[in-house]
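Below: one structure, written as structure tokens.
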There are 2 protein chains.
Amino acid sequence: MIKEIATRKSTRKYNAKPVEDEKILQLIESARHAPSGSNTQPWHFIIVKAEETKAQIVKADGNQNWMMAAPVFIVCVADIRCRIKDDAEIFLDEASGLKELKQIIRDTAVAIEHILLAAENMGLASCWTAYFEQKDMWPILGIPSDKYVVGVVTIGYSNDGGKPAPKRALESMIRYEKW
Amino acid sequence: MIKEIATRKSTRKYNAKPVEDEKILQLIESARHAPSGSNTQPWHFIIVKAEETKAQIVKADGNQNWMMAAPVFIVCVADIRCRIKDDAEIFLDEASGLKELKQIIRDTAVAIEHILLAAENMGLASCWTAYFEQKDMWPILGIPSDKYVVGVVTIGYSNDGGKPAPKRALESMIRYEKW
């Protein structure tokens, strides 16, 4: 198995060591290589280090105060304009039923997972958080309402010696030839 | 960069070599390790090799006849019952506005990407297809209407010497501190 798939865990304890800018770019470079439906590549990444902005994000993101110890947040945004190219106004939120929103969430999720695996590969720790609602996140970062925030990934160096979360047994998730 | 992230491509040309059952299990084992929101692990995988079933899937999946050359399809299904645990009837399709559907599509997409990267790691080729609609896929495999098929992944040995699809420039997808 790819080592990083086996060893990565969601980390909620970070030490104070800053993350090198070059490493952040390398994380996004891995996301850049993600496959996507019709090669639409719907993702954008906002790198956030400002403490005040981080605090606002944490408040919107379920008051997960442990997040503040991570020196970098990567706000991962899906852009529906790669699929809906007209000028009509679009408002995306958790209740939206647009087919294209499902597609861009799917594709951006793949790119985010590349970030998480790349972080593990570089000795960085990460956690994908998503306890926010779109309406709370948009004003903090000036995100237009036709974008959808798929996750806020915390990045830093680990201060956590724990193990990956337990997973369902393999047999429970495999079926043959039909449901 | 993790080698498989850099080198993997979507493969639509396969040779006739069958895929070892043990390798299929190893693919799912990598998916099993995927992170998910609240560790809900909403994914199921249906391994399809029967030619007649493959043909029905291909017909539903945009008549992508190249798929038939792949000896194995993995039908990747997201299950909303890990999040909505009551007995109420749920009907999921491309127009559904349920928040939880967005969450299980996101999480299942991550598990599918583990399959694609694991395939690359094991010398297998793959392509994530999704030109189908739920209503056409369910009856083929007997999938209940409260499940959502996130993708059909073709697996086989490559007969394609091509390169990964071109990607957007790194700068186009990075912003700092705000949108």
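Scheme for the structure tokens: letters A, B, ... for chains in order shown; per-chain residue numbers from 1; ligand numbers from 1 in order shown.
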Excluding Asp93 of chain A and residues on its chain fewer than 4 positions from it, collect all residues at most 9 Å away from it, counting only C-alpha atoms, and give them as a PyMOL selection string. (chain A and resi 133-135+145-148) or (chain B and resi 99)
Per residue of chain B within 7 Å of chain A, which atom pair is closest and at what distance in Å (one decimal), using only C-alpha atoms, listed by chain and increasing number, as JSON lines?
```
{"residue": "B:Met1", "atom": "CA", "partner": "A:Ala118", "partner_atom": "CA", "distance": 6.6}
{"residue": "B:Ile2", "atom": "CA", "partner": "A:Ala118", "partner_atom": "CA", "distance": 6.6}
{"residue": "B:Ile5", "atom": "CA", "partner": "A:His33", "partner_atom": "CA", "distance": 6.5}
{"residue": "B:Ala6", "atom": "CA", "partner": "A:His33", "partner_atom": "CA", "distance": 6.5}
{"residue": "B:Glu29", "atom": "CA", "partner": "A:Leu170", "partner_atom": "CA", "distance": 6.5}
{"residue": "B:Ser30", "atom": "CA", "partner": "A:Ile5", "partner_atom": "CA", "distance": 6.8}
{"residue": "B:Arg32", "atom": "CA", "partner": "A:Leu170", "partner_atom": "CA", "distance": 6.7}
{"residue": "B:His33", "atom": "CA", "partner": "A:Ile5", "partner_atom": "CA", "distance": 6.5}
{"residue": "B:Trp43", "atom": "CA", "partner": "A:Met173", "partner_atom": "CA", "distance": 6.7}
{"residue": "B:His44", "atom": "CA", "partner": "A:Met173", "partner_atom": "CA", "distance": 4.5}
{"residue": "B:Phe45", "atom": "CA", "partner": "A:Ile174", "partner_atom": "CA", "distance": 5.0}
{"residue": "B:Ile46", "atom": "CA", "partner": "A:Arg175", "partner_atom": "CA", "distance": 4.6}
{"residue": "B:Ile47", "atom": "CA", "partner": "A:Tyr176", "partner_atom": "CA", "distance": 4.9}
{"residue": "B:Val48", "atom": "CA", "partner": "A:Glu177", "partner_atom": "CA", "distance": 4.6}
{"residue": "B:Lys49", "atom": "CA", "partner": "A:Glu177", "partner_atom": "CA", "distance": 6.9}
{"residue": "B:Glu94", "atom": "CA", "partner": "A:Lys99", "partner_atom": "CA", "distance": 5.1}
{"residue": "B:Ala95", "atom": "CA", "partner": "A:Gly97", "partner_atom": "CA", "distance": 4.8}
{"residue": "B:Ser96", "atom": "CA", "partner": "A:Gly97", "partner_atom": "CA", "distance": 4.9}
{"residue": "B:Gly97", "atom": "CA", "partner": "A:Gly97", "partner_atom": "CA", "distance": 3.8}
{"residue": "B:Leu98", "atom": "CA", "partner": "A:Ala95", "partner_atom": "CA", "distance": 5.9}
{"residue": "B:Lys99", "atom": "CA", "partner": "A:Glu94", "partner_atom": "CA", "distance": 5.1}
{"residue": "B:Lys102", "atom": "CA", "partner": "A:Lys102", "partner_atom": "CA", "distance": 6.4}
{"residue": "B:Ile105", "atom": "CA", "partner": "A:Arg106", "partner_atom": "CA", "distance": 6.1}
{"residue": "B:Arg106", "atom": "CA", "partner": "A:Arg106", "partner_atom": "CA", "distance": 5.2}
{"residue": "B:Ala109", "atom": "CA", "partner": "A:Arg106", "partner_atom": "CA", "distance": 5.6}
{"residue": "B:Val110", "atom": "CA", "partner": "A:Val110", "partner_atom": "CA", "distance": 5.5}
{"residue": "B:Glu113", "atom": "CA", "partner": "A:Val110", "partner_atom": "CA", "distance": 6.1}
{"residue": "B:Ala118", "atom": "CA", "partner": "A:Ile2", "partner_atom": "CA", "distance": 6.6}
{"residue": "B:Asn121", "atom": "CA", "partner": "A:Ile2", "partner_atom": "CA", "distance": 6.9}
{"residue": "B:Leu141", "atom": "CA", "partner": "A:Lys178", "partner_atom": "CA", "distance": 4.6}
{"residue": "B:Gly142", "atom": "CA", "partner": "A:Trp179", "partner_atom": "CA", "distance": 5.5}
{"residue": "B:Ile143", "atom": "CA", "partner": "A:Trp179", "partner_atom": "CA", "distance": 5.4}
{"residue": "B:Lys167", "atom": "CA", "partner": "A:Arg32", "partner_atom": "CA", "distance": 6.8}
{"residue": "B:Leu170", "atom": "CA", "partner": "A:Glu29", "partner_atom": "CA", "distance": 6.5}
{"residue": "B:Met173", "atom": "CA", "partner": "A:His44", "partner_atom": "CA", "distance": 4.5}
{"residue": "B:Ile174", "atom": "CA", "partner": "A:Phe45", "partner_atom": "CA", "distance": 5.0}
{"residue": "B:Arg175", "atom": "CA", "partner": "A:Ile46", "partner_atom": "CA", "distance": 4.6}
{"residue": "B:Tyr176", "atom": "CA", "partner": "A:Ile47", "partner_atom": "CA", "distance": 4.9}
{"residue": "B:Glu177", "atom": "CA", "partner": "A:Val48", "partner_atom": "CA", "distance": 4.6}
{"residue": "B:Lys178", "atom": "CA", "partner": "A:Leu141", "partner_atom": "CA", "distance": 4.6}
{"residue": "B:Trp179", "atom": "CA", "partner": "A:Ile143", "partner_atom": "CA", "distance": 5.4}
```
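Atom CA of Asn15 of chain B is found 5.8 Å from atom CA of Tyr157 of chain B.
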Helix (DSSP H, G or I) per DSSP on the backbone: members of segment 49-136 of chain B, as JSON, numbers by chain: {"B": [51, 52, 53, 54, 55, 56, 57, 58, 59, 60, 65, 66, 67, 68, 69, 80, 81, 82, 99, 100, 101, 102, 103, 104, 105, 106, 107, 108, 109, 110, 111, 112, 113, 114, 115, 116, 117, 118, 119, 120, 121, 134, 135, 136]}
Counting only C-alpha atoms, closest pick from B:Ala125, B:Gln64, B:Ile57, B:Asp136 relative to Gly156 of chain B is B:Ala125
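Pairwise distance (atom CA of Glu20 of chain A, atom CA of Ile155 of chain A) equals 10.7 Å.
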Figure out the distance between atom CA of Val153 of chain A and atom CA of Met137 of chain A, please, to one decimal in Å. 13.7 Å
Nearby residues (only C-alpha atoms) at most 12 Å from Tyr14 of chain A, same-chain spacing under 2 positions excluded, as a PyMOL selection string: chain A and resi 10-12+16-19+66-72+124-127+154-161
Please identify which residues in segment 35-172 of chain B DSSP calls strand (DSSP E) from the backbone, and express them as a PyMOL selection string. chain B and resi 43-48+72-79+125-129+147-156
